[in-house]
Amino acid sequence: MYKTIGDIFIEYRLKLKKRVQSTSVPWTVESLLDDISVFKNITLRANEIEEAFGIFVLLLYATTICGVFNTVTALIQNSDRLNSVANEAFIACTFCAAAIVFVQMSQYGSYITSQVQGLKTQMMLG
C-alpha cells in the first residue's frame with residue numbers, strides 16, 4: 001500500500017515535470033488550479049490511508065520488536081528444550097522475518113516521505 005502511494009506521487013511529479021518542460025501547453029489559471037486540486041486530493045488520500053493503517057503499522061512494529069526480543073531470549077537461555085534443530089530453525093526464521101518486516105516498513109515510510117517532499121518541490125518550482 002505504501003509503495004503504491006509513493007508511486008502515485010512519482011507519477012504526478014513526472015506529469016508536472018513534463019508539463020513544465022513542454023512549451024506547447026501554456027499555463028493558465030484553470031490548469032494551475034487543477035494541478036493544485038489534484039495535489040490536494042492526492043495528499044488528502046495519502047493522509048487518510050496513513051490514518052487507517054497507522055495503528056496497524058504501529059502494532060506490526062511492536063510485534064516485530066517482541067519477536068526479536070523473544071528470539072534473543074531463547075538464544076540466551078541455554079535450555080535443553082530449546083536446543084532441538086526445529087526450535088533453532090524456528091527462532092532463526094522468526095528473527096529473519098522480523099528484521100525483514102522492520103526494514104521494509106521503514107524503507108516504505110521514508111520512500112513516501114521523500115516522494116511527498118519531491119512533489120512539494122516540483123509544485124513550488126512549477
# chains A, B, ... in the order shown; residues from 1 in each chain; ligands from 1
$ residues_around --residues "segment 50-67 of chain A" --least-positions-apart "3" --cutoff "9 Å" --atoms "only C-alpha atoms" --output "PDB file with all heavy atoms, in the first residue's frame"
ATOM      1  N   TYR A   2       1.898   1.266   0.860  1.00  0.00           N
ATOM      2  CA  TYR A   2       2.757   2.446   0.930  1.00  0.00           C
ATOM      3  C   TYR A   2       3.543   2.647  -0.355  1.00  0.00           C
ATOM      4  O   TYR A   2       3.760   3.768  -0.782  1.00  0.00           O
ATOM      5  CB  TYR A   2       3.707   2.344   2.128  1.00  0.00           C
ATOM      6  CG  TYR A   2       3.008   2.529   3.448  1.00  0.00           C
ATOM      7  CD1 TYR A   2       3.016   1.542   4.415  1.00  0.00           C
ATOM      8  CD2 TYR A   2       2.332   3.703   3.724  1.00  0.00           C
ATOM      9  CE1 TYR A   2       2.368   1.726   5.617  1.00  0.00           C
ATOM     10  CE2 TYR A   2       1.676   3.895   4.918  1.00  0.00           C
ATOM     11  CZ  TYR A   2       1.702   2.903   5.867  1.00  0.00           C
ATOM     12  OH  TYR A   2       1.062   3.074   7.051  1.00  0.00           O
ATOM     13  N   ARG A  45      -5.765  11.918   0.347  1.00  0.00           N
ATOM     14  CA  ARG A  45      -5.953  10.455   0.299  1.00  0.00           C
ATOM     15  C   ARG A  45      -4.789   9.731   0.974  1.00  0.00           C
ATOM     16  O   ARG A  45      -4.991   8.741   1.671  1.00  0.00           O
ATOM     17  CB  ARG A  45      -6.109   9.966  -1.136  1.00  0.00           C
ATOM     18  CG  ARG A  45      -7.304  10.482  -1.887  1.00  0.00           C
ATOM     19  CD  ARG A  45      -8.630  10.291  -1.150  1.00  0.00           C
ATOM     20  NE  ARG A  45      -9.629  11.183  -1.672  1.00  0.00           N
ATOM     21  CZ  ARG A  45     -10.122  12.237  -1.039  1.00  0.00           C
ATOM     22  NH1 ARG A  45      -9.710  12.546   0.148  1.00  0.00           N
ATOM     23  NH2 ARG A  45     -11.039  12.993  -1.569  1.00  0.00           N
ATOM     24  N   ALA A  46      -3.583  10.239   0.792  1.00  0.00           N
ATOM     25  CA  ALA A  46      -2.430   9.630   1.453  1.00  0.00           C
ATOM     26  C   ALA A  46      -2.554   9.759   2.967  1.00  0.00           C
ATOM     27  O   ALA A  46      -2.248   8.813   3.709  1.00  0.00           O
ATOM     28  CB  ALA A  46      -1.135  10.270   0.961  1.00  0.00           C
ATOM     29  N   ASN A  47      -3.026  10.913   3.428  1.00  0.00           N
ATOM     30  CA  ASN A  47      -3.235  11.093   4.871  1.00  0.00           C
ATOM     31  C   ASN A  47      -4.325  10.179   5.406  1.00  0.00           C
ATOM     32  O   ASN A  47      -4.206   9.641   6.510  1.00  0.00           O
ATOM     33  CB  ASN A  47      -3.560  12.554   5.192  1.00  0.00           C
ATOM     34  CG  ASN A  47      -2.358  13.446   5.047  1.00  0.00           C
ATOM     35  OD1 ASN A  47      -1.224  12.996   5.136  1.00  0.00           O
ATOM     36  ND2 ASN A  47      -2.604  14.720   4.819  1.00  0.00           N
ATOM     37  N   ASN A  70      12.051 -12.019  21.777  1.00  0.00           N
ATOM     38  CA  ASN A  70      11.803 -13.434  22.063  1.00  0.00           C
ATOM     39  C   ASN A  70      12.914 -14.325  21.508  1.00  0.00           C
ATOM     40  O   ASN A  70      13.335 -15.278  22.159  1.00  0.00           O
ATOM     41  CB  ASN A  70      10.453 -13.875  21.504  1.00  0.00           C
ATOM     42  CG  ASN A  70       9.304 -13.386  22.328  1.00  0.00           C
ATOM     43  OD1 ASN A  70       9.453 -13.116  23.511  1.00  0.00           O
ATOM     44  ND2 ASN A  70       8.153 -13.275  21.712  1.00  0.00           N
ATOM     45  N   THR A  71      13.381 -14.024  20.321  1.00  0.00           N
ATOM     46  CA  THR A  71      14.453 -14.853  19.758  1.00  0.00           C
ATOM     47  C   THR A  71      15.749 -14.667  20.521  1.00  0.00           C
ATOM     48  O   THR A  71      16.478 -15.633  20.767  1.00  0.00           O
ATOM     49  CB  THR A  71      14.681 -14.526  18.269  1.00  0.00           C
ATOM     50  OG1 THR A  71      14.972 -13.143  18.129  1.00  0.00           O
ATOM     51  CG2 THR A  71      13.490 -14.895  17.421  1.00  0.00           C
ATOM     52  N   VAL A  72      16.044 -13.436  20.914  1.00  0.00           N
ATOM     53  CA  VAL A  72      17.262 -13.192  21.696  1.00  0.00           C
ATOM     54  C   VAL A  72      17.168 -13.897  23.043  1.00  0.00           C
ATOM     55  O   VAL A  72      18.131 -14.533  23.498  1.00  0.00           O
ATOM     56  CB  VAL A  72      17.510 -11.676  21.860  1.00  0.00           C
ATOM     57  CG1 VAL A  72      18.608 -11.407  22.868  1.00  0.00           C
ATOM     58  CG2 VAL A  72      17.849 -11.061  20.513  1.00  0.00           C
ATOM     59  N   THR A  94      12.015 -16.691  12.642  1.00  0.00           N
ATOM     60  CA  THR A  94      11.295 -15.596  13.296  1.00  0.00           C
ATOM     61  C   THR A  94      12.139 -14.336  13.315  1.00  0.00           C
ATOM     62  O   THR A  94      11.654 -13.233  13.025  1.00  0.00           O
ATOM     63  CB  THR A  94      10.906 -15.987  14.730  1.00  0.00           C
ATOM     64  OG1 THR A  94      10.109 -17.166  14.693  1.00  0.00           O
ATOM     65  CG2 THR A  94      10.136 -14.877  15.418  1.00  0.00           C
ATOM     66  N   PHE A  95      13.411 -14.479  13.647  1.00  0.00           N
ATOM     67  CA  PHE A  95      14.301 -13.321  13.686  1.00  0.00           C
ATOM     68  C   PHE A  95      14.458 -12.700  12.294  1.00  0.00           C
ATOM     69  O   PHE A  95      14.381 -11.485  12.133  1.00  0.00           O
ATOM     70  CB  PHE A  95      15.668 -13.719  14.246  1.00  0.00           C
ATOM     71  CG  PHE A  95      16.612 -12.578  14.378  1.00  0.00           C
ATOM     72  CD1 PHE A  95      16.487 -11.684  15.437  1.00  0.00           C
ATOM     73  CD2 PHE A  95      17.604 -12.365  13.451  1.00  0.00           C
ATOM     74  CE1 PHE A  95      17.349 -10.613  15.565  1.00  0.00           C
ATOM     75  CE2 PHE A  95      18.476 -11.291  13.560  1.00  0.00           C
ATOM     76  CZ  PHE A  95      18.337 -10.416  14.626  1.00  0.00           C
ATOM     77  N   ALA A  97      12.375 -12.943   9.708  1.00  0.00           N
ATOM     78  CA  ALA A  97      11.109 -12.342   9.291  1.00  0.00           C
ATOM     79  C   ALA A  97      10.893 -11.003   9.989  1.00  0.00           C
ATOM     80  O   ALA A  97      10.460 -10.027   9.356  1.00  0.00           O
ATOM     81  CB  ALA A  97       9.948 -13.283   9.588  1.00  0.00           C
ATOM     82  N   ALA A  98      11.212 -10.938  11.263  1.00  0.00           N
ATOM     83  CA  ALA A  98      11.049  -9.681  11.998  1.00  0.00           C
ATOM     84  C   ALA A  98      11.969  -8.604  11.441  1.00  0.00           C
ATOM     85  O   ALA A  98      11.562  -7.449  11.267  1.00  0.00           O
ATOM     86  CB  ALA A  98      11.329  -9.911  13.484  1.00  0.00           C
ATOM     87  N   ALA A  99      13.197  -8.969  11.146  1.00  0.00           N
ATOM     88  CA  ALA A  99      14.150  -7.997  10.602  1.00  0.00           C
ATOM     89  C   ALA A  99      13.698  -7.509   9.227  1.00  0.00           C
ATOM     90  O   ALA A  99      13.764  -6.307   8.930  1.00  0.00           O
ATOM     91  CB  ALA A  99      15.543  -8.616  10.523  1.00  0.00           C
ATOM     92  N   VAL A 101      10.598  -7.442   7.967  1.00  0.00           N
ATOM     93  CA  VAL A 101       9.402  -6.604   8.105  1.00  0.00           C
ATOM     94  C   VAL A 101       9.784  -5.220   8.611  1.00  0.00           C
ATOM     95  O   VAL A 101       9.306  -4.199   8.102  1.00  0.00           O
ATOM     96  CB  VAL A 101       8.372  -7.271   9.048  1.00  0.00           C
ATOM     97  CG1 VAL A 101       7.285  -6.304   9.466  1.00  0.00           C
ATOM     98  CG2 VAL A 101       7.764  -8.488   8.375  1.00  0.00           C
ATOM     99  N   PHE A 102      10.645  -5.156   9.595  1.00  0.00           N
ATOM    100  CA  PHE A 102      11.070  -3.879  10.169  1.00  0.00           C
ATOM    101  C   PHE A 102      11.759  -3.010   9.113  1.00  0.00           C
ATOM    102  O   PHE A 102      11.448  -1.829   8.964  1.00  0.00           O
ATOM    103  CB  PHE A 102      12.003  -4.135  11.350  1.00  0.00           C
ATOM    104  CG  PHE A 102      12.293  -2.922  12.167  1.00  0.00           C
ATOM    105  CD1 PHE A 102      11.379  -2.460  13.093  1.00  0.00           C
ATOM    106  CD2 PHE A 102      13.480  -2.227  12.000  1.00  0.00           C
ATOM    107  CE1 PHE A 102      11.632  -1.328  13.845  1.00  0.00           C
ATOM    108  CE2 PHE A 102      13.753  -1.101  12.749  1.00  0.00           C
ATOM    109  CZ  PHE A 102      12.825  -0.652  13.674  1.00  0.00           C
ATOM    110  N   MET A 105       9.161  -1.866   6.258  1.00  0.00           N
ATOM    111  CA  MET A 105       8.251  -0.796   6.676  1.00  0.00           C
ATOM    112  C   MET A 105       8.998   0.523   6.809  1.00  0.00           C
ATOM    113  O   MET A 105       8.478   1.571   6.430  1.00  0.00           O
ATOM    114  CB  MET A 105       7.582  -1.155   8.002  1.00  0.00           C
ATOM    115  CG  MET A 105       6.526  -2.211   7.856  1.00  0.00           C
ATOM    116  SD  MET A 105       5.512  -2.430   9.320  1.00  0.00           S
ATOM    117  CE  MET A 105       6.687  -2.613  10.625  1.00  0.00           C
TER     118      MET A 105
END
$ residues_around --residues "Ile42 of chain A" --least-positions-apart "6" --cutoff "10 Å" --atoms "only C-alpha atoms" --output "short mmCIF file (atom, residue, chain, number, x, y, z; two decimals) with all heavy atoms, in the first residue's frame"
data_model
loop_
_atom_site.label_atom_id
_atom_site.label_comp_id
_atom_site.auth_asym_id
_atom_site.auth_seq_id
_atom_site.Cartn_x
_atom_site.Cartn_y
_atom_site.Cartn_z
N ILE A 5 1.28 4.34 -2.87
CA ILE A 5 1.13 5.77 -2.61
C ILE A 5 2.36 6.52 -3.13
O ILE A 5 2.24 7.56 -3.78
CB ILE A 5 0.94 6.03 -1.10
CG1 ILE A 5 -0.37 5.43 -0.62
CG2 ILE A 5 0.94 7.53 -0.81
CD1 ILE A 5 -0.51 5.41 0.88
N ILE A 8 2.26 6.81 -6.84
CA ILE A 8 1.31 7.84 -7.30
C ILE A 8 1.97 9.21 -7.24
O ILE A 8 1.84 10.01 -8.17
CB ILE A 8 0.02 7.80 -6.45
CG1 ILE A 8 -0.77 6.53 -6.79
CG2 ILE A 8 -0.83 9.04 -6.68
CD1 ILE A 8 -1.94 6.27 -5.87
N PHE A 9 2.69 9.47 -6.16
CA PHE A 9 3.39 10.75 -6.05
C PHE A 9 4.44 10.90 -7.15
O PHE A 9 4.61 11.97 -7.72
CB PHE A 9 4.05 10.90 -4.67
CG PHE A 9 3.09 11.30 -3.59
CD1 PHE A 9 2.81 10.45 -2.54
CD2 PHE A 9 2.47 12.54 -3.62
CE1 PHE A 9 1.94 10.83 -1.54
CE2 PHE A 9 1.60 12.93 -2.62
CZ PHE A 9 1.33 12.07 -1.58
N TYR A 12 2.65 11.63 -10.54
CA TYR A 12 2.14 13.01 -10.62
C TYR A 12 3.29 14.00 -10.74
O TYR A 12 3.19 14.99 -11.48
CB TYR A 12 1.28 13.32 -9.40
CG TYR A 12 0.61 14.65 -9.51
CD1 TYR A 12 -0.33 14.89 -10.50
CD2 TYR A 12 0.92 15.69 -8.65
CE1 TYR A 12 -0.94 16.12 -10.63
CE2 TYR A 12 0.32 16.92 -8.76
CZ TYR A 12 -0.61 17.13 -9.75
OH TYR A 12 -1.20 18.36 -9.88
N ILE A 36 -3.24 22.12 -8.52
CA ILE A 36 -3.28 22.28 -7.06
C ILE A 36 -4.38 21.39 -6.46
O ILE A 36 -4.18 20.77 -5.42
CB ILE A 36 -3.49 23.76 -6.68
CG1 ILE A 36 -2.24 24.56 -7.04
CG2 ILE A 36 -3.81 23.90 -5.21
CD1 ILE A 36 -2.40 26.06 -6.89
N GLU A 48 -5.40 9.99 4.63
CA GLU A 48 -6.47 9.08 5.05
C GLU A 48 -5.96 7.65 5.15
O GLU A 48 -6.30 6.93 6.09
CB GLU A 48 -7.64 9.16 4.07
CG GLU A 48 -8.44 10.43 4.16
CD GLU A 48 -9.51 10.51 3.09
OE1 GLU A 48 -9.62 9.59 2.25
OE2 GLU A 48 -10.26 11.51 3.09
N VAL A 116 6.83 12.76 -1.25
CA VAL A 116 6.00 13.92 -0.93
C VAL A 116 6.84 15.20 -0.98
O VAL A 116 6.41 16.22 -1.53
CB VAL A 116 5.33 13.75 0.45
CG1 VAL A 116 4.70 15.05 0.91
CG2 VAL A 116 4.30 12.65 0.41
#
$ atom_distance --atom1 "atom CA of Arg19 of chain A" --atom2 "atom CA of Asp34 of chain A"
12.8 Å
$ atom_distance --atom1 "atom CA of Phe90 of chain A" --atom2 "atom CA of Tyr108 of chain A"
26.8 Å
